Amino acid sequence: MTKKTKLTDITNLFKDFDIEALEGVTIEGDIELNITGGGGLNPALAYALGQEISHISLHMANIGRILGYPVDQLFSQALGMGTAGALSPVGEMAATKARVQELLAAKFEVASATNWNNPIQEVTLGATSSNGGSRKNTITLGGENALPYYFDAEMPHRNYVTMDVFDMPIGMAKAVKSNYDDVMNDPAEWAKKVVKKFNADMVTIHLISTDPLIKDTSARDAAKVVEDVLQAVDVPIVIGGSGNPQKDPEVLEKAAEAAAGERVLLASASLNLDYERIAKAAINNGHVVLSWTQLEINAQKELNRKLMKQCNVPRDSIIMDPTTAALGYGLDYAYSNMERIRLAGLMGDDELTFPMSSGTTNAWGAREAWMVSSPQTQDSEWGPREYRGPIWEIITGLALSLAGNDMFMMMHPASVQVLKEITQTLYGSIESKTVDITNWIGAEV
Amino acid sequence: MKINSPLEAYKYLPGTNCGKCGEQTCMAFAARLIDRSKKLTDCTPMLEEKFSKKLRELHVLLAPEVREVVVGVGEKAVKIGGDDVLYRHRLTFFNPTAFAYDVWDTMPENELTERVRKIQDFKKFYVGDFLKLDMVAVRCISNDPKKFADAVKKVIETTDMPLILCSFDPEVLRAGLDVAKDKNPLLYAANKDNWQQVADIAIEYDVPVTLFSPDDLDTLKSLAMTFASMGTEKLVLDPGTFPAGKDLKKTFTNFLKIRRAGVEGDKDIAYPIMAVPLTAWMVHDDAVSASYWETVIASIFTIKYGDVMIMHSIEPYALLPQLHIRDTIYTDPRKPVSVQPAMYKIGNPDRDSPVLVTTNFALTYYTVESDLASSKIDCYLWAIDTDGIGVEAAVAGGQLTAAKIKKGIEDSGFNLKNDTTHNTIVLPGLAARLQGDVEDETGSRVMIGPADSGRLPGWMEKNWPPKAE
Ligand code: B12
Ligand code: SF4
């Protein structure tokens with residue numbers, strides 16, 4: 001097995017910084033290491049920082065490897081090292097069929113589900129030129145007749161990932177931020193990067209600067225940003241407000257006008273704001289509404305019903321976000337909430353037969369995803385956070401994909417890569433060489 | 001379970017409402033049998049001779065659809081299987097997936113013991129308790145029974161965690177069992193080639209055994225039926241864990257099929273299921289990718305019906321999500337998520353100690369409490385009654401207010417002016433906007449703590465005791 005370096009030493013070092021409050025070195029929210037002020041670093045500190053940076057680059061390189069980048073090649077070119085050896089092949093088992101006749105004969109049989117008779121609504125996002133938009137492709141969600149990946153019925157569409165883009169620089173975990181440093185001030189470039197480099201299926205532009213408590217950007221200026229993003233990329237997009245219930249309806253209305261005909265997803269209508277105005281903006285400009293409730297199946301039914309009956313939103317223009325709580329921070333509720341919603345839909349509850357979307361990025365709120373080390377002195381080492389963060393986002397998303405979630409809003413490129421691969425594997429579209437596991441016990445790993 | 005209403009179970013009970021089971025009435029007890037929160041043997045009158053027939057009948061009716069299998073002995077023994085439903089919200093999933101991590105018999109002795117210790121000692125605090133790993137799987141790579149037995153012996157000397165003995169060679173398994181016969185280990189595995197000898201050993205030593213039939217459910221079922229007919233139902237089924245591509249999808253389908261058939265009443269296949277995410281290491285050659293994929297596969301089969309699994313990576317970034325996804329899926333959805341609203345003393349607080357406020361949401365309370373306790377901060381901590389809602393949501397939703405905080409403190413009979421020297425309350429960083437209101441309401445000084453209680457130790461060092469005004 002590859003020898004692994006530990007962050008223990010660096011972690012301890014960080015602790016010391018914090019306690020001694022070294023002039024010129026501050027640690028903000030365990031997320032940022034800022035080196036400011038004049039004067040040269042003393043040699044010991046320079047060494048320590050050098051070590052930290054090297055370790056982080058090593059972790060980044062490993063993440064790069066998950067993303068499929070030929071890191072080892074790069075390193076061996078740069079440092080003149082060889083690449084690591086491959087696995088030794090697995091031995092074959094000698095198969096003797098002699099005794100099989102003595103086993104009791106049996107045929108395994110299981111029935112298909114009988115009460116999943118109500119298909120999930122299909123909803124299409126994005127519009128191409130033939131439909132009055134300018135997207136290169138559209139994306140269709142929903143249409144399921146069974147739980148995801150189940151053998152009872154073919155799943156008509158794979159899962160899709162939309163990556164987050166913000167209209168201003170925001171605080172985020174270091175492991176995430178390092179991917180966006182160069183585009184943080186330019187939403188259009190940011191959008192291009194997630195599509196071109198990180199293989200995002202869609203882009204979500206979050207207009208958070210419109211929040212009166214942040215920058216109070218006008219709805220008109222926010223709409224400009226939407227236009228820029230639509231120019232920059234040709235995938236379908238999601239438009240998110242700031243979450244401010246007073247301002248969002250106006251912001252989403254202007255944004256919807258700016259994106260008229262593109263069939264974007266407007267995020268979100270919720271019970272605590274003027275959802276009717278958002279619904280109208282969607283209907284008038286040919287968009288889809290994201291119906292967002294907080295982990296409560298009855299609230300979800302109520303909002304969907306209001307959107308359909310009171311606001312006349314067509315069934316093919318609603319997607320639900322029943323709320324994502326992170327792994328370890330309420331995922332048990334989020335998982336069962338989604339599973340119940342999907343099962344109810346399949347079994348005939350027409351108020352719940354809509355595709356679902358998850359704010360998987362929420363996983364980065366978990367301290368396990370971003371904190372340098374455990375605040376619990378009795379805990380075992382948590383190891384390098386550069387690896388903890390992406391897998392936290394992956395497992396949060398993966399769990400919800402199994403509960404029926406169709407679309408994922410995500411942030412870290414490695415998480416996106418792995419989640420797409422695993423969901424498409426379960427969907428059945430990933431080919432791979434068959435691995436002979438008959439004698440896995442003897443495998444050298 | 002063959003019955004699903006308390007009324008059906010009630011018919012078999014003595015009907016005297018004697019209360020010995022801890023319930024007021026037999027009907028109440030019947031309800032607890034149906035939701036599996038009490039055991040039949042808790043009704044001691046039923047154990048009397050005259051009820052023995054009814055006892056046996058009811059026992060059969062109440063047995064979970066999927067058999068329960070115990071591995072190991074003593075405190076660390078694990079019980080696997082025992083499920084009755086396909087979706088956790090329908091009841092709850094019983095017996096959390098047992099996580100085993102491998103060692104192999106070609107390891108140098110000191111590396112082996114060190115690895116076993118790491119597996120045994122790994123722990124992560126969560127909601128009032130530690131999440132831990134369960135088992136050690138010993139893999140025979142040497143093909144040498146003696147070497148394998150030595151490795152098993154070393155493991156037993158190092159830990160009392162339950163074992164899985166892994167080899168397809170019956171002689172190797174026998175050698176391992178000779179050493180571990182008192183430990184009730186799980187044998188891995190009988191397949192279509194060695195099943196007869198392995199069955200002999202499993203029955204002779206009376207230990208549970210895994211049946212391995214990669215992607216062939218007919219053979220898996222016939223193995224299970226054959227073993228049952230030979231006299232053992234301590235069986236675990238391994239339909240093979242293929243680590244990638246369409247084969248992994250097939251594996252997923254196999255797990256679904258086995259469990260659905262079992263829960264729907266096909267007794268011949270209603271056994272716990274094993275997954276081997278370790279096979280991820282057969283396709284990924286760098287440790288991080290392999291650990292990631294192993295964790296991804298482990299998570300899929302923790303959610304979908306794996307009852308025991310064998311893994312290889314013991315990196316924390318693999319173990320932490322594995323432990324948390326298991327906790328997520330096996331948390332009883334019926335259990336309350338709040339703690340009693342009250343004043344709690346952490347350590348030995350005195351008049352100079354800080355007074356902290358949090359909510360009575362269990363996740364919030366235990367996180368804060370353990371952050372404080374593990375850093376040995378003596379203080380008073382108020383779990384304010386927010387209907388079991390966390391800090392940020394409770395502030396947003398109006399369950400955490402200045403009035404609630406005042407009431408919470410007063411209800412516990414505590415007087416900030418008399419019982420402390422500082423008359424100061426520390427609020428969570430995420431409740432900062434309540435500062436002015438709480439000052440007005442309580443007449444105390446209010447300080448704003450960090451947004452995450454994990455930072456309280458550092459915060460205390462800088463800010464406590466509060467400077468005089
Ligand atoms: C789960 C969740 C819910 C669940 C709550 C379940 C529950 N039992 O609490 C439900 C679905 C009910 C819910 C509802 C709502 N929610 Co909510 N919810 C969340 C979510 C996803 C996680 C919150 C959580 O559990 N965190 C973990 C716990 C442990 O954190 P905590 O309690 O804050 O404790 C930490 C710190 O506060 C600190 N700490 C705690 N005590 C103390 C004490 C001291 C002295 C110190 C120093 C520190 C400290 O340390 C702790 C550990 O880190 C967050 C989003 C997110 N990812 O964070 C949104 C979030 C909190 N919700 C939000 C909102 C708006 C709501 C609603 C008002 C939505 C609505 N319109 O209906 C409702 C309110 C409902 C109500 N109050 O009745 C917003 C809050 C925005 C804001 N800042 O005001 C958030 C941030 C989501 C968002 N971005 O919009 N929510
Ligand atoms: S102990 Fe048995 S007989 Fe007595 S009340 Fe309980 S269930 Fe009824």
# chains A, B, ... in the order shown; residues from 1 in each chain; ligands from 1
>>> residues_around(residues="Ala219 (chain A)", least_positions_apart="6", cutoff="12 Å", atoms="only C-alpha atoms", output="list in words")
Leu207, Ile208, Ser209, Thr210, Asp211, Pro212, Val225, Val226, Gly241, Ser242, Lys247, Asp248, Pro249, Glu250, Val251, Leu252, Glu253, Lys254, Ala255, Ala256, Glu257 and Ala258 of chain A
>>> write_last_selection(atoms="N, CA and C atoms", output="PDB file, in the first residue's frame")
ATOM      1  N   LEU A 207     -27.550  34.418  -7.152  1.00  0.00           N
ATOM      2  CA  LEU A 207     -27.480  35.885  -7.123  1.00  0.00           C
ATOM      3  C   LEU A 207     -27.470  36.378  -5.681  1.00  0.00           C
ATOM      4  N   ILE A 208     -26.466  35.944  -4.935  1.00  0.00           N
ATOM      5  CA  ILE A 208     -26.494  36.242  -3.496  1.00  0.00           C
ATOM      6  C   ILE A 208     -26.197  37.702  -3.176  1.00  0.00           C
ATOM      7  N   SER A 209     -25.521  38.388  -4.096  1.00  0.00           N
ATOM      8  CA  SER A 209     -25.181  39.782  -3.788  1.00  0.00           C
ATOM      9  C   SER A 209     -26.421  40.676  -3.733  1.00  0.00           C
ATOM     10  N   THR A 210     -27.561  40.129  -4.173  1.00  0.00           N
ATOM     11  CA  THR A 210     -28.784  40.941  -4.138  1.00  0.00           C
ATOM     12  C   THR A 210     -29.364  41.069  -2.730  1.00  0.00           C
ATOM     13  N   ASP A 211     -28.884  40.243  -1.816  1.00  0.00           N
ATOM     14  CA  ASP A 211     -29.393  40.301  -0.442  1.00  0.00           C
ATOM     15  C   ASP A 211     -29.137  41.696   0.143  1.00  0.00           C
ATOM     16  N   PRO A 212     -30.191  42.320   0.667  1.00  0.00           N
ATOM     17  CA  PRO A 212     -30.026  43.666   1.240  1.00  0.00           C
ATOM     18  C   PRO A 212     -28.948  43.694   2.330  1.00  0.00           C
ATOM     19  N   VAL A 225     -26.042  39.779 -14.905  1.00  0.00           N
ATOM     20  CA  VAL A 225     -25.150  38.645 -14.625  1.00  0.00           C
ATOM     21  C   VAL A 225     -25.711  37.370 -15.260  1.00  0.00           C
ATOM     22  N   VAL A 226     -27.030  37.215 -15.166  1.00  0.00           N
ATOM     23  CA  VAL A 226     -27.667  36.044 -15.777  1.00  0.00           C
ATOM     24  C   VAL A 226     -27.408  36.034 -17.280  1.00  0.00           C
ATOM     25  N   GLY A 241     -31.786  32.763  -6.141  1.00  0.00           N
ATOM     26  CA  GLY A 241     -31.811  34.068  -5.483  1.00  0.00           C
ATOM     27  C   GLY A 241     -30.817  34.084  -4.336  1.00  0.00           C
ATOM     28  N   SER A 242     -31.005  35.031  -3.425  1.00  0.00           N
ATOM     29  CA  SER A 242     -30.090  35.132  -2.286  1.00  0.00           C
ATOM     30  C   SER A 242     -30.660  34.415  -1.077  1.00  0.00           C
ATOM     31  N   LYS A 247     -36.688  40.025  -1.035  1.00  0.00           N
ATOM     32  CA  LYS A 247     -36.059  40.474  -2.279  1.00  0.00           C
ATOM     33  C   LYS A 247     -36.157  39.434  -3.404  1.00  0.00           C
ATOM     34  N   ASP A 248     -36.113  38.160  -3.052  1.00  0.00           N
ATOM     35  CA  ASP A 248     -36.034  37.116  -4.076  1.00  0.00           C
ATOM     36  C   ASP A 248     -37.099  37.192  -5.181  1.00  0.00           C
ATOM     37  N   PRO A 249     -38.373  37.422  -4.830  1.00  0.00           N
ATOM     38  CA  PRO A 249     -39.378  37.436  -5.900  1.00  0.00           C
ATOM     39  C   PRO A 249     -39.038  38.462  -6.990  1.00  0.00           C
ATOM     40  N   GLU A 250     -38.611  39.624  -6.588  1.00  0.00           N
ATOM     41  CA  GLU A 250     -38.282  40.666  -7.565  1.00  0.00           C
ATOM     42  C   GLU A 250     -37.054  40.254  -8.384  1.00  0.00           C
ATOM     43  N   VAL A 251     -36.032  39.737  -7.688  1.00  0.00           N
ATOM     44  CA  VAL A 251     -34.789  39.345  -8.359  1.00  0.00           C
ATOM     45  C   VAL A 251     -35.057  38.223  -9.360  1.00  0.00           C
ATOM     46  N   LEU A 252     -35.790  37.217  -8.933  1.00  0.00           N
ATOM     47  CA  LEU A 252     -36.053  36.082  -9.823  1.00  0.00           C
ATOM     48  C   LEU A 252     -36.953  36.485 -10.988  1.00  0.00           C
ATOM     49  N   GLU A 253     -37.825  37.442 -10.747  1.00  0.00           N
ATOM     50  CA  GLU A 253     -38.696  37.934 -11.814  1.00  0.00           C
ATOM     51  C   GLU A 253     -37.868  38.588 -12.924  1.00  0.00           C
ATOM     52  N   LYS A 254     -36.970  39.483 -12.526  1.00  0.00           N
ATOM     53  CA  LYS A 254     -36.120  40.156 -13.530  1.00  0.00           C
ATOM     54  C   LYS A 254     -35.203  39.146 -14.223  1.00  0.00           C
ATOM     55  N   ALA A 255     -34.658  38.236 -13.433  1.00  0.00           N
ATOM     56  CA  ALA A 255     -33.755  37.227 -14.005  1.00  0.00           C
ATOM     57  C   ALA A 255     -34.516  36.358 -15.001  1.00  0.00           C
ATOM     58  N   ALA A 256     -35.752  36.016 -14.654  1.00  0.00           N
ATOM     59  CA  ALA A 256     -36.575  35.176 -15.539  1.00  0.00           C
ATOM     60  C   ALA A 256     -36.831  35.887 -16.860  1.00  0.00           C
ATOM     61  N   GLU A 257     -37.048  37.201 -16.791  1.00  0.00           N
ATOM     62  CA  GLU A 257     -37.259  37.970 -18.026  1.00  0.00           C
ATOM     63  C   GLU A 257     -35.988  37.974 -18.869  1.00  0.00           C
ATOM     64  N   ALA A 258     -34.853  38.183 -18.207  1.00  0.00           N
ATOM     65  CA  ALA A 258     -33.579  38.230 -18.929  1.00  0.00           C
ATOM     66  C   ALA A 258     -33.292  36.900 -19.623  1.00  0.00           C
TER      67      ALA A 258
END
>>> interface_residues(of="chain B", to="chain A", cutoff="6 Å", atoms="only C-alpha atoms", output="list in words")
Phe122, Lys123, Lys124, Arg139, Ile141, Asp193, Leu217, Asp218, Ser222, Thr226, Gly245, Lys246, Lys249, Ala261, Ser289, Pro316, Tyr317, His324, Thr328, Asp371, Ser374 and Gly454 of chain B
>>> residues_near_ligand(ligand="ligand 1", cutoff="6 Å", atoms="only C-alpha atoms and all ligand atoms", output="short mmCIF file (atom, residue, chain, number, x, y, z; two decimals) with all heavy atoms, in the first residue's frame")
data_model
loop_
_atom_site.label_atom_id
_atom_site.label_comp_id
_atom_site.auth_asym_id
_atom_site.auth_seq_id
_atom_site.Cartn_x
_atom_site.Cartn_y
_atom_site.Cartn_z
N ASN A 272 -42.55 30.60 2.46
CA ASN A 272 -42.37 31.83 3.24
C ASN A 272 -42.09 33.06 2.37
O ASN A 272 -41.60 34.06 2.86
CB ASN A 272 -41.28 31.65 4.29
CG ASN A 272 -39.89 31.62 3.68
OD1 ASN A 272 -39.75 31.39 2.49
ND2 ASN A 272 -38.88 31.88 4.48
N GLN A 294 -38.74 22.49 3.71
CA GLN A 294 -37.71 22.12 4.67
C GLN A 294 -38.02 20.79 5.36
O GLN A 294 -38.56 20.76 6.45
CB GLN A 294 -37.57 23.21 5.74
CG GLN A 294 -37.22 24.57 5.18
CD GLN A 294 -35.73 24.83 5.30
OE1 GLN A 294 -35.05 24.27 6.14
NE2 GLN A 294 -35.22 25.70 4.45
N LEU A 295 -37.64 19.70 4.73
CA LEU A 295 -37.70 18.38 5.36
C LEU A 295 -39.09 18.03 5.90
O LEU A 295 -39.19 17.46 6.98
CB LEU A 295 -36.67 18.28 6.49
CG LEU A 295 -35.20 18.38 6.10
CD1 LEU A 295 -34.32 18.33 7.35
CD2 LEU A 295 -34.81 17.25 5.16
N ALA A 325 -29.82 17.85 4.22
CA ALA A 325 -29.00 18.06 5.40
C ALA A 325 -27.78 17.14 5.24
O ALA A 325 -27.88 16.06 4.70
CB ALA A 325 -29.77 17.71 6.67
N TYR A 329 -25.44 15.44 9.91
CA TYR A 329 -26.17 16.64 10.36
C TYR A 329 -27.61 16.62 9.87
O TYR A 329 -28.12 17.60 9.36
CB TYR A 329 -25.43 17.90 9.91
CG TYR A 329 -24.11 18.02 10.61
CD1 TYR A 329 -23.00 17.34 10.12
CD2 TYR A 329 -23.99 18.73 11.80
CE1 TYR A 329 -21.79 17.38 10.80
CE2 TYR A 329 -22.79 18.78 12.48
CZ TYR A 329 -21.70 18.10 11.98
OH TYR A 329 -20.52 18.13 12.67
N GLY A 330 -28.23 15.48 10.00
CA GLY A 330 -29.63 15.40 9.62
C GLY A 330 -29.89 14.67 8.31
O GLY A 330 -31.00 14.67 7.82
N ASN A 362 -24.45 21.58 0.71
CA ASN A 362 -24.63 21.70 2.15
C ASN A 362 -23.68 20.82 2.94
O ASN A 362 -23.38 21.09 4.11
CB ASN A 362 -26.06 21.30 2.55
CG ASN A 362 -27.05 22.43 2.35
OD1 ASN A 362 -26.63 23.53 1.99
ND2 ASN A 362 -28.31 22.16 2.58
N GLY A 365 -20.94 22.19 5.07
CA GLY A 365 -21.20 22.80 6.37
C GLY A 365 -20.78 21.89 7.51
O GLY A 365 -20.55 22.36 8.63
N LEU B 356 -23.29 29.28 29.55
CA LEU B 356 -23.45 29.17 28.09
C LEU B 356 -24.86 28.74 27.74
O LEU B 356 -25.49 27.99 28.49
CB LEU B 356 -22.47 28.14 27.53
CG LEU B 356 -20.99 28.31 27.91
CD1 LEU B 356 -20.19 27.10 27.43
CD2 LEU B 356 -20.42 29.57 27.31
N VAL B 357 -25.31 29.17 26.59
CA VAL B 357 -26.66 28.84 26.15
C VAL B 357 -26.60 28.05 24.84
O VAL B 357 -25.86 28.40 23.94
CB VAL B 357 -27.49 30.13 25.96
CG1 VAL B 357 -28.73 29.87 25.12
CG2 VAL B 357 -27.86 30.70 27.31
N THR B 358 -27.38 26.98 24.79
CA THR B 358 -27.53 26.24 23.52
C THR B 358 -28.98 25.77 23.41
O THR B 358 -29.83 26.23 24.17
CB THR B 358 -26.52 25.09 23.40
OG1 THR B 358 -26.59 24.54 22.09
CG2 THR B 358 -26.81 23.97 24.43
N PHE B 361 -31.88 20.46 20.92
CA PHE B 361 -31.73 19.51 19.80
C PHE B 361 -30.56 18.59 20.15
O PHE B 361 -29.47 19.06 20.47
CB PHE B 361 -31.45 20.29 18.52
CG PHE B 361 -31.26 19.44 17.29
CD1 PHE B 361 -31.99 18.27 17.08
CD2 PHE B 361 -30.37 19.83 16.30
CE1 PHE B 361 -31.83 17.51 15.93
CE2 PHE B 361 -30.20 19.08 15.14
CZ PHE B 361 -30.92 17.91 14.96
N LEU B 363 -28.47 16.65 18.62
CA LEU B 363 -27.22 16.78 17.88
C LEU B 363 -26.45 18.03 18.33
O LEU B 363 -25.25 18.00 18.57
CB LEU B 363 -27.50 16.84 16.38
CG LEU B 363 -26.29 17.06 15.47
CD1 LEU B 363 -25.29 15.93 15.61
CD2 LEU B 363 -26.74 17.16 14.01
N THR B 364 -27.18 19.12 18.50
CA THR B 364 -26.55 20.36 18.95
C THR B 364 -26.03 20.20 20.38
O THR B 364 -24.87 20.48 20.67
CB THR B 364 -27.57 21.53 18.92
OG1 THR B 364 -28.09 21.63 17.60
CG2 THR B 364 -26.93 22.83 19.34
N THR B 367 -23.07 17.81 20.78
CA THR B 367 -21.87 18.34 20.15
C THR B 367 -21.23 19.38 21.07
O THR B 367 -20.04 19.32 21.38
CB THR B 367 -22.22 18.99 18.80
OG1 THR B 367 -22.93 18.04 18.02
CG2 THR B 367 -20.98 19.42 18.06
N VAL B 368 -22.04 20.30 21.54
CA VAL B 368 -21.52 21.38 22.39
C VAL B 368 -21.00 20.79 23.71
O VAL B 368 -19.88 21.08 24.14
CB VAL B 368 -22.63 22.42 22.68
CG1 VAL B 368 -22.10 23.50 23.62
CG2 VAL B 368 -23.13 23.03 21.39
N GLY B 388 -36.52 20.96 20.19
CA GLY B 388 -35.58 20.07 19.53
C GLY B 388 -35.09 20.59 18.20
O GLY B 388 -34.83 19.82 17.28
N ILE B 389 -34.95 21.89 18.08
CA ILE B 389 -34.44 22.48 16.84
C ILE B 389 -33.05 23.05 17.11
O ILE B 389 -32.79 23.59 18.18
CB ILE B 389 -35.38 23.61 16.35
CG1 ILE B 389 -36.80 23.08 16.12
CG2 ILE B 389 -34.84 24.28 15.11
CD1 ILE B 389 -37.01 22.28 14.87
N GLY B 390 -32.15 22.92 16.14
CA GLY B 390 -30.79 23.43 16.28
C GLY B 390 -30.75 24.94 16.33
O GLY B 390 -31.77 25.62 16.12
N VAL B 391 -29.57 25.49 16.60
CA VAL B 391 -29.45 26.93 16.87
C VAL B 391 -29.93 27.78 15.69
O VAL B 391 -30.83 28.63 15.84
CB VAL B 391 -27.99 27.30 17.20
CG1 VAL B 391 -27.85 28.83 17.30
CG2 VAL B 391 -27.54 26.64 18.49
N GLU B 392 -29.36 27.56 14.53
CA GLU B 392 -29.63 28.47 13.42
C GLU B 392 -31.09 28.40 12.98
O GLU B 392 -31.74 29.43 12.75
CB GLU B 392 -28.69 28.16 12.26
CG GLU B 392 -28.49 29.34 11.33
CD GLU B 392 -27.40 29.09 10.30
OE1 GLU B 392 -26.92 27.94 10.21
OE2 GLU B 392 -27.04 30.04 9.59
N ALA B 393 -31.60 27.17 12.89
CA ALA B 393 -32.99 27.03 12.48
C ALA B 393 -33.93 27.57 13.56
O ALA B 393 -34.98 28.12 13.27
CB ALA B 393 -33.32 25.58 12.15
N ALA B 394 -33.53 27.42 14.84
CA ALA B 394 -34.40 27.89 15.93
C ALA B 394 -34.42 29.42 15.98
O ALA B 394 -35.45 30.01 16.28
CB ALA B 394 -33.93 27.32 17.27
N ALA B 396 -33.99 31.31 13.33
CA ALA B 396 -34.77 31.68 12.14
C ALA B 396 -36.26 31.41 12.36
O ALA B 396 -37.11 32.15 11.90
CB ALA B 396 -34.27 30.92 10.92
N GLY B 397 -36.57 30.34 13.08
CA GLY B 397 -37.97 29.94 13.24
C GLY B 397 -38.62 30.44 14.51
O GLY B 397 -39.77 30.12 14.78
N GLN B 399 -37.90 29.78 17.74
CA GLN B 399 -37.93 28.95 18.95
C GLN B 399 -36.84 29.32 19.93
O GLN B 399 -36.88 28.94 21.09
CB GLN B 399 -37.79 27.46 18.63
CG GLN B 399 -39.00 26.84 17.98
CD GLN B 399 -38.90 26.90 16.48
OE1 GLN B 399 -38.12 27.65 15.92
NE2 GLN B 399 -39.71 26.10 15.81
N VAL B 426 -23.10 33.66 27.66
CA VAL B 426 -22.44 33.49 26.36
C VAL B 426 -23.43 32.83 25.38
O VAL B 426 -23.94 31.74 25.65
CB VAL B 426 -21.18 32.62 26.48
CG1 VAL B 426 -20.48 32.51 25.12
CG2 VAL B 426 -20.22 33.20 27.53
N LEU B 427 -23.68 33.52 24.28
CA LEU B 427 -24.60 32.98 23.27
C LEU B 427 -23.82 32.31 22.14
O LEU B 427 -22.68 32.69 21.86
CB LEU B 427 -25.44 34.10 22.66
CG LEU B 427 -26.51 34.78 23.50
CD1 LEU B 427 -27.28 35.78 22.63
CD2 LEU B 427 -27.46 33.77 24.12
N PRO B 428 -24.44 31.34 21.46
CA PRO B 428 -23.80 30.77 20.27
C PRO B 428 -23.60 31.85 19.21
O PRO B 428 -24.45 32.73 19.08
CB PRO B 428 -24.81 29.74 19.76
CG PRO B 428 -25.84 29.59 20.83
CD PRO B 428 -25.78 30.78 21.71
N GLY B 429 -22.51 31.75 18.48
CA GLY B 429 -22.25 32.73 17.42
C GLY B 429 -23.41 32.87 16.45
O GLY B 429 -23.70 33.96 15.96
N LEU B 430 -24.11 31.75 16.19
CA LEU B 430 -25.21 31.79 15.23
C LEU B 430 -26.47 32.43 15.81
O LEU B 430 -27.47 32.59 15.12
CB LEU B 430 -25.52 30.38 14.72
CG LEU B 430 -24.40 29.75 13.88
CD1 LEU B 430 -24.74 28.30 13.52
CD2 LEU B 430 -24.15 30.55 12.60
N GLY B 449 -20.29 33.99 21.48
CA GLY B 449 -19.26 32.96 21.30
C GLY B 449 -19.01 32.68 19.83
O GLY B 449 -19.60 33.32 18.95
N PRO B 450 -18.15 31.73 19.54
CA PRO B 450 -17.84 31.38 18.15
C PRO B 450 -19.04 30.69 17.48
O PRO B 450 -19.94 30.21 18.16
CB PRO B 450 -16.68 30.41 18.27
CG PRO B 450 -16.80 29.84 19.65
CD PRO B 450 -17.40 30.91 20.51
N ALA B 451 -19.02 30.66 16.15
CA ALA B 451 -20.13 30.04 15.43
C ALA B 451 -20.13 28.53 15.61
O ALA B 451 -21.17 27.89 15.57
CB ALA B 451 -20.05 30.38 13.95
N ASP B 452 -18.97 27.95 15.81
CA ASP B 452 -18.91 26.51 16.01
C ASP B 452 -18.36 26.24 17.41
O ASP B 452 -17.31 26.76 17.77
CB ASP B 452 -18.01 25.87 14.95
CG ASP B 452 -18.15 24.35 14.93
OD1 ASP B 452 -17.90 23.71 15.98
OD2 ASP B 452 -18.53 23.82 13.88
N SER B 453 -19.05 25.39 18.15
CA SER B 453 -18.63 25.17 19.53
C SER B 453 -17.27 24.49 19.61
O SER B 453 -16.63 24.51 20.65
CB SER B 453 -19.68 24.34 20.27
OG SER B 453 -19.95 23.16 19.55
N LEU B 456 -14.75 26.78 20.96
CA LEU B 456 -14.90 27.39 22.28
C LEU B 456 -13.61 27.42 23.08
O LEU B 456 -13.32 28.43 23.73
CB LEU B 456 -16.01 26.70 23.07
CG LEU B 456 -17.40 27.31 22.89
CD1 LEU B 456 -18.47 26.40 23.46
CD2 LEU B 456 -17.49 28.69 23.56
#
>>> select_by_dssp(residues="region 36-265 of chain A", states="helix (DSSP H, G or I)", output="VMD selection string")
chain A and resid 43 to 66 71 to 79 98 to 102 129 to 131 174 to 177 187 to 196 208 to 210 219 to 232 248 to 258
>>> closest_residue(among="B:Pro6, B:Gly413, B:Gly82, B:Pro45", to="ligand 2", atoms="only C-alpha atoms and all ligand atoms")
B:Pro45
>>> residues_around(residues="Asn254 (chain B)", least_positions_apart="3", cutoff="9 Å", atoms="only C-alpha atoms", output="number ranges by chain")
B: 215-217, 239-240, 249-251, 257-259
>>> residues_near_ligand(ligand="ligand 2", cutoff="7 Å", atoms="only C-alpha atoms and all ligand atoms", output="VMD selection string")
chain B and resid 13 to 26 29 to 30 42 to 46
>>> atom_distance(atom1="CA of Ser5 (chain B)", atom2="CA of Lys50 (chain B)")
24.4 Å
>>> residues_around(residues="Arg88 (chain B)", least_positions_apart="4", cutoff="8 Å", atoms="only C-alpha atoms", output="number ranges by chain")
A: 336; B: 92-93, 329-330, 333
>>> decode(residues="region 190-200 of chain A", atoms="C-alpha atoms", output="short mmCIF file (atom, residue, chain, number, x, y, z; two decimals), in the first residue's frame")
data_model
loop_
_atom_site.label_atom_id
_atom_site.label_comp_id
_atom_site.auth_asym_id
_atom_site.auth_seq_id
_atom_site.Cartn_x
_atom_site.Cartn_y
_atom_site.Cartn_z
CA TRP A 190 -16.54 30.73 -13.36
CA ALA A 191 -19.44 29.21 -15.28
CA LYS A 192 -17.15 28.40 -18.20
CA LYS A 193 -14.68 26.75 -15.89
CA VAL A 194 -17.18 24.40 -14.28
CA VAL A 195 -18.54 23.34 -17.65
CA LYS A 196 -15.30 23.04 -19.59
CA LYS A 197 -12.95 21.86 -16.89
CA PHE A 198 -15.11 20.14 -14.34
CA ASN A 199 -17.66 18.55 -16.63
CA ALA A 200 -20.74 20.13 -15.05
#
